[in-house]
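Participant: Take a look at upload29.cif, mmCIF, N, CA, C and O atoms:
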```cif
data_work
#
loop_
_atom_site.label_atom_id
_atom_site.label_comp_id
_atom_site.auth_asym_id
_atom_site.auth_seq_id
_atom_site.Cartn_x
_atom_site.Cartn_y
_atom_site.Cartn_z
N GLY A 29 2.39 -12.98 -8.09
CA GLY A 29 3.25 -13.17 -9.23
C GLY A 29 4.08 -11.93 -9.51
O GLY A 29 3.98 -10.91 -8.83
N LYS A 30 4.90 -12.03 -10.49
CA LYS A 30 5.83 -10.99 -10.87
C LYS A 30 5.19 -10.05 -11.88
O LYS A 30 4.70 -10.48 -12.91
N VAL A 31 5.19 -8.75 -11.55
CA VAL A 31 4.62 -7.75 -12.44
C VAL A 31 5.48 -7.64 -13.70
O VAL A 31 6.69 -7.54 -13.63
N GLY A 32 4.83 -7.70 -14.83
CA GLY A 32 5.52 -7.67 -16.11
C GLY A 32 5.74 -9.05 -16.69
O GLY A 32 6.16 -9.19 -17.83
N ALA A 33 5.44 -10.09 -15.90
CA ALA A 33 5.55 -11.47 -16.39
C ALA A 33 4.23 -12.20 -16.14
O ALA A 33 3.54 -12.59 -17.08
N ASP A 34 3.87 -12.36 -14.86
CA ASP A 34 2.66 -13.11 -14.49
C ASP A 34 1.47 -12.20 -14.22
O ASP A 34 0.32 -12.66 -14.26
N VAL A 35 1.73 -10.94 -13.89
CA VAL A 35 0.72 -10.00 -13.43
C VAL A 35 0.84 -8.72 -14.23
O VAL A 35 1.95 -8.23 -14.45
N THR A 36 -0.30 -8.16 -14.65
CA THR A 36 -0.27 -6.88 -15.36
C THR A 36 -0.14 -5.74 -14.35
O THR A 36 -0.36 -5.93 -13.14
N GLU A 37 0.18 -4.57 -14.85
CA GLU A 37 0.26 -3.39 -13.98
C GLU A 37 -1.08 -3.13 -13.30
O GLU A 37 -1.12 -2.81 -12.10
N GLU A 38 -2.17 -3.25 -14.03
CA GLU A 38 -3.50 -3.02 -13.45
C GLU A 38 -3.83 -4.05 -12.37
O GLU A 38 -4.41 -3.71 -11.34
N GLN A 39 -3.48 -5.31 -12.61
CA GLN A 39 -3.71 -6.34 -11.59
C GLN A 39 -2.87 -6.06 -10.34
O GLN A 39 -3.34 -6.24 -9.22
N ALA A 40 -1.66 -5.60 -10.54
CA ALA A 40 -0.79 -5.28 -9.41
C ALA A 40 -1.32 -4.06 -8.64
O ALA A 40 -1.25 -4.03 -7.41
N LYS A 41 -1.86 -3.08 -9.36
CA LYS A 41 -2.45 -1.91 -8.70
C LYS A 41 -3.63 -2.36 -7.83
O LYS A 41 -3.79 -1.89 -6.71
N GLU A 42 -4.44 -3.28 -8.33
CA GLU A 42 -5.55 -3.81 -7.54
C GLU A 42 -5.02 -4.61 -6.35
O GLU A 42 -5.59 -4.56 -5.25
N ALA A 43 -3.92 -5.34 -6.54
CA ALA A 43 -3.30 -6.07 -5.43
C ALA A 43 -2.82 -5.10 -4.35
O ALA A 43 -2.94 -5.39 -3.15
N ALA A 44 -2.32 -3.94 -4.75
CA ALA A 44 -1.89 -2.92 -3.79
C ALA A 44 -3.09 -2.40 -3.00
O ALA A 44 -3.01 -2.18 -1.79
N ARG A 45 -4.21 -2.22 -3.68
CA ARG A 45 -5.43 -1.77 -3.00
C ARG A 45 -5.90 -2.82 -2.00
O ARG A 45 -6.24 -2.50 -0.85
N VAL A 46 -5.92 -4.07 -2.41
CA VAL A 46 -6.34 -5.17 -1.53
C VAL A 46 -5.38 -5.29 -0.34
O VAL A 46 -5.80 -5.54 0.79
N THR A 47 -4.10 -5.08 -0.58
CA THR A 47 -3.12 -5.10 0.50
C THR A 47 -3.43 -3.98 1.50
O THR A 47 -3.35 -4.17 2.71
N GLY A 48 -3.81 -2.81 0.98
CA GLY A 48 -4.21 -1.70 1.85
C GLY A 48 -5.44 -2.05 2.68
O GLY A 48 -5.51 -1.72 3.87
N LEU A 49 -6.41 -2.73 2.08
CA LEU A 49 -7.60 -3.15 2.82
C LEU A 49 -7.23 -4.13 3.94
O LEU A 49 -7.75 -4.04 5.06
N ALA A 50 -6.32 -5.05 3.66
CA ALA A 50 -5.87 -6.01 4.67
C ALA A 50 -5.12 -5.29 5.79
O ALA A 50 -5.30 -5.60 6.98
N LEU A 51 -4.32 -4.31 5.44
CA LEU A 51 -3.60 -3.52 6.42
C LEU A 51 -4.58 -2.78 7.32
O LEU A 51 -4.44 -2.77 8.55
N LEU A 52 -5.61 -2.18 6.73
CA LEU A 52 -6.62 -1.46 7.51
C LEU A 52 -7.40 -2.41 8.42
O LEU A 52 -7.74 -2.05 9.54
N ALA A 53 -7.68 -3.61 7.94
CA ALA A 53 -8.39 -4.60 8.76
C ALA A 53 -7.55 -4.98 9.98
O ALA A 53 -8.07 -5.08 11.10
N SER A 54 -6.26 -5.15 9.80
CA SER A 54 -5.36 -5.46 10.92
C SER A 54 -5.29 -4.29 11.90
O SER A 54 -5.32 -4.48 13.11
N LEU A 55 -5.20 -3.09 11.35
CA LEU A 55 -5.14 -1.89 12.19
C LEU A 55 -6.42 -1.74 13.01
O LEU A 55 -6.38 -1.47 14.21
N ARG A 56 -7.55 -1.96 12.36
CA ARG A 56 -8.84 -1.86 13.06
C ARG A 56 -8.96 -2.93 14.15
O ARG A 56 -9.44 -2.66 15.25
N ALA A 57 -8.52 -4.14 13.84
CA ALA A 57 -8.57 -5.21 14.84
C ALA A 57 -7.71 -4.87 16.04
O ALA A 57 -8.09 -5.15 17.18
N HIS A 58 -6.58 -4.25 15.80
CA HIS A 58 -5.66 -3.90 16.89
C HIS A 58 -6.16 -2.70 17.70
O HIS A 58 -6.09 -2.70 18.93
N LEU A 59 -6.67 -1.69 17.01
CA LEU A 59 -7.10 -0.45 17.68
C LEU A 59 -8.55 -0.47 18.15
O LEU A 59 -8.94 0.33 18.99
N GLY A 60 -9.36 -1.32 17.56
CA GLY A 60 -10.79 -1.34 17.87
C GLY A 60 -11.59 -0.45 16.95
O GLY A 60 -12.79 -0.65 16.78
N SER A 61 -10.96 0.54 16.35
CA SER A 61 -11.64 1.46 15.44
C SER A 61 -10.61 2.23 14.63
O SER A 61 -9.57 2.62 15.16
N LEU A 62 -10.94 2.48 13.38
CA LEU A 62 -10.07 3.32 12.56
C LEU A 62 -10.19 4.79 12.93
O LEU A 62 -9.38 5.61 12.49
N ASP A 63 -11.18 5.13 13.75
CA ASP A 63 -11.34 6.51 14.21
C ASP A 63 -10.15 6.96 15.06
O ASP A 63 -9.95 8.16 15.24
N LYS A 64 -9.37 6.03 15.57
CA LYS A 64 -8.19 6.38 16.37
C LYS A 64 -6.99 6.77 15.51
O LYS A 64 -5.99 7.26 16.03
N VAL A 65 -7.08 6.56 14.20
CA VAL A 65 -5.98 6.94 13.31
C VAL A 65 -5.99 8.45 13.14
O VAL A 65 -6.99 9.04 12.74
N VAL A 66 -4.88 9.07 13.49
CA VAL A 66 -4.72 10.51 13.33
C VAL A 66 -4.27 10.82 11.90
O VAL A 66 -4.83 11.68 11.24
N ARG A 67 -3.25 10.08 11.45
CA ARG A 67 -2.75 10.29 10.09
C ARG A 67 -1.83 9.15 9.68
O ARG A 67 -1.29 8.44 10.53
N LEU A 68 -1.67 9.01 8.39
CA LEU A 68 -0.67 8.11 7.81
C LEU A 68 0.62 8.89 7.75
O LEU A 68 0.67 9.99 7.18
N VAL A 69 1.67 8.37 8.36
CA VAL A 69 2.96 9.07 8.39
C VAL A 69 3.81 8.70 7.18
O VAL A 69 4.28 9.57 6.46
N LYS A 70 4.01 7.41 6.96
CA LYS A 70 4.90 6.97 5.87
C LYS A 70 4.52 5.58 5.42
O LYS A 70 4.11 4.75 6.23
N SER A 71 4.69 5.33 4.13
CA SER A 71 4.46 4.00 3.55
C SER A 71 5.64 3.61 2.68
O SER A 71 6.24 4.45 2.01
N LEU A 72 5.94 2.33 2.69
CA LEU A 72 6.94 1.75 1.79
C LEU A 72 6.23 0.66 1.00
O LEU A 72 5.74 -0.32 1.57
N GLY A 73 6.12 0.86 -0.31
CA GLY A 73 5.49 -0.11 -1.19
C GLY A 73 6.54 -0.86 -1.98
O GLY A 73 7.39 -0.25 -2.63
N MET A 74 6.51 -2.18 -1.90
CA MET A 74 7.46 -3.03 -2.61
C MET A 74 6.72 -3.82 -3.68
O MET A 74 5.69 -4.42 -3.40
N VAL A 75 7.24 -3.78 -4.88
CA VAL A 75 6.60 -4.41 -6.03
C VAL A 75 7.52 -5.50 -6.57
O VAL A 75 8.67 -5.24 -6.93
N ASN A 76 7.01 -6.71 -6.63
CA ASN A 76 7.72 -7.85 -7.21
C ASN A 76 7.62 -7.71 -8.72
O ASN A 76 6.55 -7.90 -9.29
N ALA A 77 8.72 -7.33 -9.38
CA ALA A 77 8.64 -7.00 -10.80
C ALA A 77 9.84 -7.51 -11.58
O ALA A 77 10.91 -7.74 -11.02
N VAL A 78 9.62 -7.65 -12.88
CA VAL A 78 10.72 -8.00 -13.79
C VAL A 78 11.70 -6.83 -13.81
O VAL A 78 11.33 -5.68 -13.52
N PRO A 79 12.97 -7.09 -14.15
CA PRO A 79 13.98 -6.03 -14.08
C PRO A 79 13.69 -4.78 -14.90
O PRO A 79 14.07 -3.68 -14.49
N ASP A 80 13.00 -4.90 -16.02
CA ASP A 80 12.79 -3.71 -16.86
C ASP A 80 11.47 -2.99 -16.56
O ASP A 80 11.13 -2.02 -17.23
N PHE A 81 10.73 -3.42 -15.54
CA PHE A 81 9.51 -2.73 -15.15
C PHE A 81 9.90 -1.49 -14.35
O PHE A 81 10.68 -1.57 -13.42
N GLY A 82 9.34 -0.34 -14.70
CA GLY A 82 9.73 0.90 -14.03
C GLY A 82 8.59 1.71 -13.47
O GLY A 82 8.79 2.85 -13.06
N ARG A 83 7.39 1.14 -13.42
CA ARG A 83 6.22 1.92 -12.98
C ARG A 83 5.74 1.51 -11.58
O ARG A 83 4.56 1.44 -11.31
N HIS A 84 6.70 1.29 -10.70
CA HIS A 84 6.38 0.90 -9.33
C HIS A 84 5.46 1.90 -8.64
O HIS A 84 4.50 1.48 -7.98
N PRO A 85 5.69 3.22 -8.77
CA PRO A 85 4.77 4.18 -8.13
C PRO A 85 3.33 4.04 -8.63
O PRO A 85 2.40 4.18 -7.83
N ALA A 86 3.13 3.75 -9.91
CA ALA A 86 1.78 3.59 -10.44
C ALA A 86 1.08 2.40 -9.80
O ALA A 86 -0.13 2.44 -9.54
N VAL A 87 1.83 1.34 -9.53
CA VAL A 87 1.25 0.17 -8.85
C VAL A 87 0.84 0.54 -7.43
O VAL A 87 -0.29 0.26 -7.00
N ILE A 88 1.71 1.19 -6.70
CA ILE A 88 1.44 1.52 -5.30
C ILE A 88 0.35 2.58 -5.18
O ILE A 88 -0.26 2.73 -4.12
N ASN A 89 0.03 3.26 -6.27
CA ASN A 89 -1.08 4.21 -6.26
C ASN A 89 -2.39 3.53 -5.85
O ASN A 89 -3.26 4.17 -5.27
N GLY A 90 -2.54 2.24 -6.13
CA GLY A 90 -3.74 1.51 -5.71
C GLY A 90 -3.93 1.59 -4.21
O GLY A 90 -5.04 1.77 -3.71
N TYR A 91 -2.85 1.50 -3.48
CA TYR A 91 -2.86 1.62 -2.02
C TYR A 91 -3.02 3.09 -1.60
O TYR A 91 -3.85 3.41 -0.75
N SER A 92 -2.22 3.96 -2.18
CA SER A 92 -2.23 5.37 -1.77
C SER A 92 -3.58 6.03 -2.01
O SER A 92 -4.05 6.82 -1.18
N GLU A 93 -4.21 5.72 -3.12
CA GLU A 93 -5.53 6.28 -3.41
C GLU A 93 -6.57 5.80 -2.39
O GLU A 93 -7.44 6.56 -1.97
N LEU A 94 -6.46 4.55 -1.97
CA LEU A 94 -7.36 4.01 -0.95
C LEU A 94 -7.19 4.77 0.37
O LEU A 94 -8.17 5.17 0.99
N MET A 95 -5.94 4.99 0.79
CA MET A 95 -5.68 5.70 2.04
C MET A 95 -6.24 7.12 1.98
O MET A 95 -6.84 7.60 2.95
N ARG A 96 -6.07 7.78 0.85
CA ARG A 96 -6.62 9.13 0.68
C ARG A 96 -8.14 9.10 0.72
O ARG A 96 -8.76 9.96 1.35
N ASP A 97 -8.74 8.11 0.08
CA ASP A 97 -10.21 8.00 0.07
C ASP A 97 -10.76 7.76 1.48
O ASP A 97 -11.82 8.27 1.83
N ILE A 98 -10.05 7.00 2.29
CA ILE A 98 -10.52 6.67 3.63
C ILE A 98 -10.27 7.81 4.63
O ILE A 98 -11.14 8.18 5.40
N PHE A 99 -9.04 8.37 4.60
CA PHE A 99 -8.63 9.33 5.62
C PHE A 99 -8.52 10.77 5.11
O PHE A 99 -8.14 11.65 5.86
N GLY A 100 -8.85 11.01 3.85
CA GLY A 100 -8.71 12.35 3.30
C GLY A 100 -7.25 12.77 3.26
O GLY A 100 -6.36 11.94 3.06
N GLU A 101 -6.99 14.05 3.49
CA GLU A 101 -5.61 14.55 3.46
C GLU A 101 -4.74 13.89 4.52
O GLU A 101 -3.52 13.81 4.35
N ASN A 102 -5.34 13.41 5.61
CA ASN A 102 -4.57 12.71 6.65
C ASN A 102 -4.11 11.33 6.19
O ASN A 102 -3.33 10.68 6.88
N GLY A 103 -4.59 10.88 5.05
CA GLY A 103 -4.17 9.61 4.48
C GLY A 103 -3.07 9.75 3.45
O GLY A 103 -2.69 8.79 2.80
N VAL A 104 -2.55 10.98 3.30
CA VAL A 104 -1.46 11.23 2.36
C VAL A 104 -0.20 11.50 3.17
O VAL A 104 -0.05 12.58 3.75
N GLY A 105 0.68 10.52 3.23
CA GLY A 105 1.93 10.67 3.97
C GLY A 105 3.12 10.53 3.03
O GLY A 105 2.96 10.42 1.81
N ALA A 106 4.30 10.52 3.59
CA ALA A 106 5.50 10.26 2.80
C ALA A 106 5.41 8.84 2.24
O ALA A 106 4.82 7.96 2.87
N ARG A 107 5.97 8.66 1.05
CA ARG A 107 5.83 7.35 0.41
C ARG A 107 7.05 7.01 -0.42
O ARG A 107 7.62 7.87 -1.08
N SER A 108 7.42 5.75 -0.39
CA SER A 108 8.44 5.21 -1.27
C SER A 108 7.83 4.03 -2.00
O SER A 108 7.04 3.29 -1.42
N ALA A 109 8.20 3.86 -3.26
CA ALA A 109 7.75 2.71 -4.04
C ALA A 109 8.98 2.15 -4.75
O ALA A 109 9.64 2.87 -5.49
N VAL A 110 9.28 0.89 -4.48
CA VAL A 110 10.50 0.30 -5.02
C VAL A 110 10.20 -1.06 -5.65
O VAL A 110 9.23 -1.73 -5.29
N GLY A 111 11.05 -1.45 -6.56
CA GLY A 111 10.95 -2.76 -7.19
C GLY A 111 11.82 -3.77 -6.46
O GLY A 111 12.88 -3.43 -5.95
N MET A 112 11.34 -5.00 -6.42
CA MET A 112 12.07 -6.09 -5.77
C MET A 112 12.22 -7.24 -6.75
O MET A 112 11.35 -7.45 -7.59
N GLY A 113 13.29 -7.97 -6.62
CA GLY A 113 13.51 -9.15 -7.45
C GLY A 113 12.59 -10.29 -7.09
O GLY A 113 12.27 -11.14 -7.93
N SER A 114 12.14 -10.32 -5.83
CA SER A 114 11.18 -11.32 -5.38
C SER A 114 10.58 -10.84 -4.07
O SER A 114 11.12 -9.96 -3.41
N LEU A 115 9.44 -11.42 -3.72
CA LEU A 115 8.78 -11.18 -2.44
C LEU A 115 8.31 -12.53 -1.90
O LEU A 115 8.10 -13.47 -2.68
N PRO A 116 8.12 -12.66 -0.59
CA PRO A 116 7.71 -13.94 -0.01
C PRO A 116 6.43 -14.48 -0.66
O PRO A 116 5.49 -13.72 -0.92
N GLY A 117 6.42 -15.77 -0.92
CA GLY A 117 5.25 -16.41 -1.51
C GLY A 117 4.96 -15.94 -2.92
O GLY A 117 3.86 -16.13 -3.42
N ASN A 118 5.91 -15.27 -3.54
CA ASN A 118 5.76 -14.72 -4.90
C ASN A 118 4.58 -13.74 -4.99
O ASN A 118 3.94 -13.61 -6.03
N ILE A 119 4.28 -13.04 -3.87
CA ILE A 119 3.22 -12.02 -3.89
C ILE A 119 3.66 -10.86 -4.78
O ILE A 119 4.85 -10.62 -4.96
N ALA A 120 2.70 -10.16 -5.34
CA ALA A 120 3.01 -9.05 -6.25
C ALA A 120 3.39 -7.78 -5.50
O ALA A 120 4.21 -6.99 -5.98
N VAL A 121 2.79 -7.56 -4.32
CA VAL A 121 2.96 -6.30 -3.60
C VAL A 121 3.06 -6.56 -2.10
O VAL A 121 2.32 -7.39 -1.56
N GLU A 122 3.95 -5.84 -1.46
CA GLU A 122 4.03 -5.82 0.00
C GLU A 122 4.11 -4.36 0.42
O GLU A 122 4.79 -3.56 -0.23
N ILE A 123 3.40 -4.01 1.51
CA ILE A 123 3.38 -2.62 1.96
C ILE A 123 3.61 -2.55 3.45
O ILE A 123 3.02 -3.31 4.22
N GLU A 124 4.49 -1.63 3.82
CA GLU A 124 4.75 -1.33 5.23
C GLU A 124 4.27 0.08 5.47
O GLU A 124 4.51 0.97 4.65
N ALA A 125 3.58 0.31 6.58
CA ALA A 125 3.03 1.64 6.85
C ALA A 125 3.21 2.02 8.31
O ALA A 125 3.16 1.16 9.20
N ILE A 126 3.41 3.31 8.53
CA ILE A 126 3.49 3.88 9.88
C ILE A 126 2.34 4.87 10.02
O ILE A 126 2.21 5.79 9.20
N PHE A 127 1.52 4.67 11.04
CA PHE A 127 0.38 5.54 11.32
C PHE A 127 0.58 6.24 12.66
O PHE A 127 1.13 5.64 13.60
N GLU A 128 0.12 7.46 12.77
CA GLU A 128 0.01 8.12 14.06
C GLU A 128 -1.39 7.81 14.57
O GLU A 128 -2.37 7.98 13.83
N VAL A 129 -1.47 7.35 15.81
CA VAL A 129 -2.76 7.01 16.38
C VAL A 129 -2.97 7.73 17.71
O VAL A 129 -2.02 8.04 18.42
N ALA A 130 -4.22 8.00 18.03
CA ALA A 130 -4.58 8.61 19.31
C ALA A 130 -4.75 7.48 20.33
O ALA A 130 -5.28 6.43 20.01
N VAL A 131 -4.29 7.71 21.53
CA VAL A 131 -4.43 6.70 22.57
C VAL A 131 -5.49 7.04 23.58
O VAL A 131 -5.91 8.12 23.75
#
```
Hey, can you dump this file as structure tokens for me?

Facilitator:
Amino acid sequence: GKVGADVTEEQAKEAARVTGLALLASLRAHLGSLDKVVRLVKSLGMVNAVPDFGRHPAVINGYSELMRDIFGENGVGARSAVGMGSLPGNIAVEIEAIFEVAV
């Protein structure tokens, strides 16, 4: 749902965390282990929000805090957090991430 209308900021922050968990599950399935992750390079967090909502970074903190908790300082990369007028399926949060991995 849309943050500021259907979803609270706290619910959206939790959605960002859950999105991070799903991202990590996909990464683990692809790599075989999260131990191959060297560092998080960059993340783009998109928040489906009403026009006057301005706390997009606070929402994406749910994801960023998870990455830091899992990877320590190597989980803190460059980050952008932006508001969107809509997202597919009316999801509250979408996140794109670039990781450096060992081969």

Participant: Select, from A:Ala44, A:Val129, A:Val75, A:Val65, the residue with the minimum atom-to-atom distance to Gly113 of chain A, counting all atoms listed in the file.

Facilitator: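 Going through A:Ala44, A:Val129, A:Val75, A:Val65 one by one, the smallest distance to Gly113 of chain A is for A:Val75.
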
Participant: Run DSSP on the backbone and tell me which residues of chain A come out as strand (DSSP E); list them as number ranges by chain.

Facilitator: A: 65-76, 106-112, 121-129

Participant: With 8 Å as the threshold, what does the neighbourhood of (3.3, 2.0, -1.4) contain in terms of residues, counting only N, CA, C and O atoms? Coordinates are those of the file; answer as a ChimeraX atom specification.

Facilitator: /A:44,70-75,84-85,87-92,106-110,122-124

Participant: Store the residues of this selection in a file with N, CA, C and O atoms, as an mmCIF file, in the frame of the given file.

Facilitator:
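Contents of part.cif, freshly written:
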```cif
data_model
loop_
_atom_site.group_PDB
_atom_site.id
_atom_site.type_symbol
_atom_site.label_atom_id
_atom_site.label_comp_id
_atom_site.auth_asym_id
_atom_site.auth_seq_id
_atom_site.Cartn_x
_atom_site.Cartn_y
_atom_site.Cartn_z
ATOM 1 N N ALA A 44 -2.320 -3.940 -4.750
ATOM 2 C CA ALA A 44 -1.890 -2.920 -3.790
ATOM 3 C C ALA A 44 -3.090 -2.400 -3.000
ATOM 4 O O ALA A 44 -3.010 -2.180 -1.790
ATOM 5 N N LYS A 70 4.010 7.410 6.960
ATOM 6 C CA LYS A 70 4.900 6.970 5.870
ATOM 7 C C LYS A 70 4.520 5.580 5.420
ATOM 8 O O LYS A 70 4.110 4.750 6.230
ATOM 9 N N SER A 71 4.690 5.330 4.130
ATOM 10 C CA SER A 71 4.460 4.000 3.550
ATOM 11 C C SER A 71 5.640 3.610 2.680
ATOM 12 O O SER A 71 6.240 4.450 2.010
ATOM 13 N N LEU A 72 5.940 2.330 2.690
ATOM 14 C CA LEU A 72 6.940 1.750 1.790
ATOM 15 C C LEU A 72 6.230 0.660 1.000
ATOM 16 O O LEU A 72 5.740 -0.320 1.570
ATOM 17 N N GLY A 73 6.120 0.860 -0.310
ATOM 18 C CA GLY A 73 5.490 -0.110 -1.190
ATOM 19 C C GLY A 73 6.540 -0.860 -1.980
ATOM 20 O O GLY A 73 7.390 -0.250 -2.630
ATOM 21 N N MET A 74 6.510 -2.180 -1.900
ATOM 22 C CA MET A 74 7.460 -3.030 -2.610
ATOM 23 C C MET A 74 6.720 -3.820 -3.680
ATOM 24 O O MET A 74 5.690 -4.420 -3.400
ATOM 25 N N VAL A 75 7.240 -3.780 -4.880
ATOM 26 C CA VAL A 75 6.600 -4.410 -6.030
ATOM 27 C C VAL A 75 7.520 -5.500 -6.570
ATOM 28 O O VAL A 75 8.670 -5.240 -6.930
ATOM 29 N N HIS A 84 6.700 1.290 -10.700
ATOM 30 C CA HIS A 84 6.380 0.900 -9.330
ATOM 31 C C HIS A 84 5.460 1.900 -8.640
ATOM 32 O O HIS A 84 4.500 1.480 -7.980
ATOM 33 N N PRO A 85 5.690 3.220 -8.770
ATOM 34 C CA PRO A 85 4.770 4.180 -8.130
ATOM 35 C C PRO A 85 3.330 4.040 -8.630
ATOM 36 O O PRO A 85 2.400 4.180 -7.830
ATOM 37 N N VAL A 87 1.830 1.340 -9.530
ATOM 38 C CA VAL A 87 1.250 0.170 -8.850
ATOM 39 C C VAL A 87 0.840 0.540 -7.430
ATOM 40 O O VAL A 87 -0.290 0.260 -7.000
ATOM 41 N N ILE A 88 1.710 1.190 -6.700
ATOM 42 C CA ILE A 88 1.440 1.520 -5.300
ATOM 43 C C ILE A 88 0.350 2.580 -5.180
ATOM 44 O O ILE A 88 -0.260 2.730 -4.120
ATOM 45 N N ASN A 89 0.030 3.260 -6.270
ATOM 46 C CA ASN A 89 -1.080 4.210 -6.260
ATOM 47 C C ASN A 89 -2.390 3.530 -5.850
ATOM 48 O O ASN A 89 -3.260 4.170 -5.270
ATOM 49 N N GLY A 90 -2.540 2.240 -6.130
ATOM 50 C CA GLY A 90 -3.740 1.510 -5.710
ATOM 51 C C GLY A 90 -3.930 1.590 -4.210
ATOM 52 O O GLY A 90 -5.040 1.770 -3.710
ATOM 53 N N TYR A 91 -2.850 1.500 -3.480
ATOM 54 C CA TYR A 91 -2.860 1.620 -2.020
ATOM 55 C C TYR A 91 -3.020 3.090 -1.600
ATOM 56 O O TYR A 91 -3.850 3.410 -0.750
ATOM 57 N N SER A 92 -2.220 3.960 -2.180
ATOM 58 C CA SER A 92 -2.230 5.370 -1.770
ATOM 59 C C SER A 92 -3.580 6.030 -2.010
ATOM 60 O O SER A 92 -4.050 6.820 -1.180
ATOM 61 N N ALA A 106 4.300 10.520 3.590
ATOM 62 C CA ALA A 106 5.500 10.260 2.800
ATOM 63 C C ALA A 106 5.410 8.840 2.240
ATOM 64 O O ALA A 106 4.820 7.960 2.870
ATOM 65 N N ARG A 107 5.970 8.660 1.050
ATOM 66 C CA ARG A 107 5.830 7.350 0.410
ATOM 67 C C ARG A 107 7.050 7.010 -0.420
ATOM 68 O O ARG A 107 7.620 7.870 -1.080
ATOM 69 N N SER A 108 7.420 5.750 -0.390
ATOM 70 C CA SER A 108 8.440 5.210 -1.270
ATOM 71 C C SER A 108 7.830 4.030 -2.000
ATOM 72 O O SER A 108 7.040 3.290 -1.420
ATOM 73 N N ALA A 109 8.200 3.860 -3.260
ATOM 74 C CA ALA A 109 7.750 2.710 -4.040
ATOM 75 C C ALA A 109 8.980 2.150 -4.750
ATOM 76 O O ALA A 109 9.640 2.870 -5.490
ATOM 77 N N VAL A 110 9.280 0.890 -4.480
ATOM 78 C CA VAL A 110 10.500 0.300 -5.020
ATOM 79 C C VAL A 110 10.200 -1.060 -5.650
ATOM 80 O O VAL A 110 9.230 -1.730 -5.290
ATOM 81 N N GLU A 122 3.950 -5.840 -1.460
ATOM 82 C CA GLU A 122 4.030 -5.820 0.000
ATOM 83 C C GLU A 122 4.110 -4.360 0.420
ATOM 84 O O GLU A 122 4.790 -3.560 -0.230
ATOM 85 N N ILE A 123 3.400 -4.010 1.510
ATOM 86 C CA ILE A 123 3.380 -2.620 1.960
ATOM 87 C C ILE A 123 3.610 -2.550 3.450
ATOM 88 O O ILE A 123 3.020 -3.310 4.220
ATOM 89 N N GLU A 124 4.490 -1.630 3.820
ATOM 90 C CA GLU A 124 4.750 -1.330 5.230
ATOM 91 C C GLU A 124 4.270 0.080 5.470
ATOM 92 O O GLU A 124 4.510 0.970 4.650
#
```

Participant: Which protein, DNA or RNA residues have an atom at most 12 Å from (-2.0, 7.2, 23.3), counting only C-alpha atoms? List them as a list in words.

Facilitator: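 Within 12 Å of (-2.0, 7.2, 23.3), the protein and nucleic acid residues are Leu59, Lys64, Val65, Val66, Glu128, Val129, Ala130 and Val131 of chain A.
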
Participant: Selection from above, N, CA, C and O atoms, as a PDB file, in the coordinates of the input, can you write it?

Facilitator:
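The resulting again-v2.pdb:
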```
ATOM      1  N   LEU A  59      -6.670  -1.690  17.010  1.00  0.00           N
ATOM      2  CA  LEU A  59      -7.100  -0.450  17.680  1.00  0.00           C
ATOM      3  C   LEU A  59      -8.550  -0.470  18.150  1.00  0.00           C
ATOM      4  O   LEU A  59      -8.940   0.330  18.990  1.00  0.00           O
ATOM      5  N   LYS A  64      -9.370   6.030  15.570  1.00  0.00           N
ATOM      6  CA  LYS A  64      -8.190   6.380  16.370  1.00  0.00           C
ATOM      7  C   LYS A  64      -6.990   6.770  15.510  1.00  0.00           C
ATOM      8  O   LYS A  64      -5.990   7.260  16.030  1.00  0.00           O
ATOM      9  N   VAL A  65      -7.080   6.560  14.200  1.00  0.00           N
ATOM     10  CA  VAL A  65      -5.980   6.940  13.310  1.00  0.00           C
ATOM     11  C   VAL A  65      -5.990   8.450  13.140  1.00  0.00           C
ATOM     12  O   VAL A  65      -6.990   9.040  12.740  1.00  0.00           O
ATOM     13  N   VAL A  66      -4.880   9.070  13.490  1.00  0.00           N
ATOM     14  CA  VAL A  66      -4.720  10.510  13.330  1.00  0.00           C
ATOM     15  C   VAL A  66      -4.270  10.820  11.900  1.00  0.00           C
ATOM     16  O   VAL A  66      -4.830  11.680  11.240  1.00  0.00           O
ATOM     17  N   GLU A 128       0.120   7.460  12.770  1.00  0.00           N
ATOM     18  CA  GLU A 128       0.010   8.120  14.060  1.00  0.00           C
ATOM     19  C   GLU A 128      -1.390   7.810  14.570  1.00  0.00           C
ATOM     20  O   GLU A 128      -2.370   7.980  13.830  1.00  0.00           O
ATOM     21  N   VAL A 129      -1.470   7.350  15.810  1.00  0.00           N
ATOM     22  CA  VAL A 129      -2.760   7.010  16.380  1.00  0.00           C
ATOM     23  C   VAL A 129      -2.970   7.730  17.710  1.00  0.00           C
ATOM     24  O   VAL A 129      -2.020   8.040  18.420  1.00  0.00           O
ATOM     25  N   ALA A 130      -4.220   8.000  18.030  1.00  0.00           N
ATOM     26  CA  ALA A 130      -4.580   8.610  19.310  1.00  0.00           C
ATOM     27  C   ALA A 130      -4.750   7.480  20.330  1.00  0.00           C
ATOM     28  O   ALA A 130      -5.280   6.430  20.010  1.00  0.00           O
ATOM     29  N   VAL A 131      -4.290   7.710  21.530  1.00  0.00           N
ATOM     30  CA  VAL A 131      -4.430   6.700  22.570  1.00  0.00           C
ATOM     31  C   VAL A 131      -5.490   7.040  23.580  1.00  0.00           C
ATOM     32  O   VAL A 131      -5.910   8.120  23.750  1.00  0.00           O
TER      33      VAL A 131
END
```

Participant: Please provide the set of residues having any atom within 8 Å of Ala120 of chain A, restricted to only N, CA, C and O atoms, with same-chain residues fewer than 4 positions apart removed, written as a list in words.

Facilitator: Gly29, Lys30, Val31, Val35, Gln39, Ala40, Lys41, Ala43, Ala44, Gly73, Met74, Val75, Asn76, Ala77, Val110, Met112, Ser114, Leu115 and Pro116 of chain A

Participant: Mind pulling up the distance from atom O of Gly48 of chain A to atom CA of Leu68 of chain A?

Facilitator: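 Distance reported for this atom pair: 11.6 Å.
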
Participant: In Å, rounded to a single decimal, give me how far atom O of Val121 of chain A is from atom N of Val78 of chain A.

Facilitator: 13.5 Å

Participant: Write down as JSON, numbers by chain the residues of chain A whose backbone DSSP state falls under helix (DSSP H, G or I).

Facilitator: {"A": [37, 38, 39, 40, 41, 42, 43, 44, 45, 46, 47, 48, 49, 50, 51, 52, 53, 54, 55, 56, 57, 58, 59, 62, 63, 64, 84, 85, 86, 87, 88, 89, 90, 91, 92, 93, 94, 95, 96, 97, 98, 99, 100, 101, 102, 103, 116, 117, 118]}
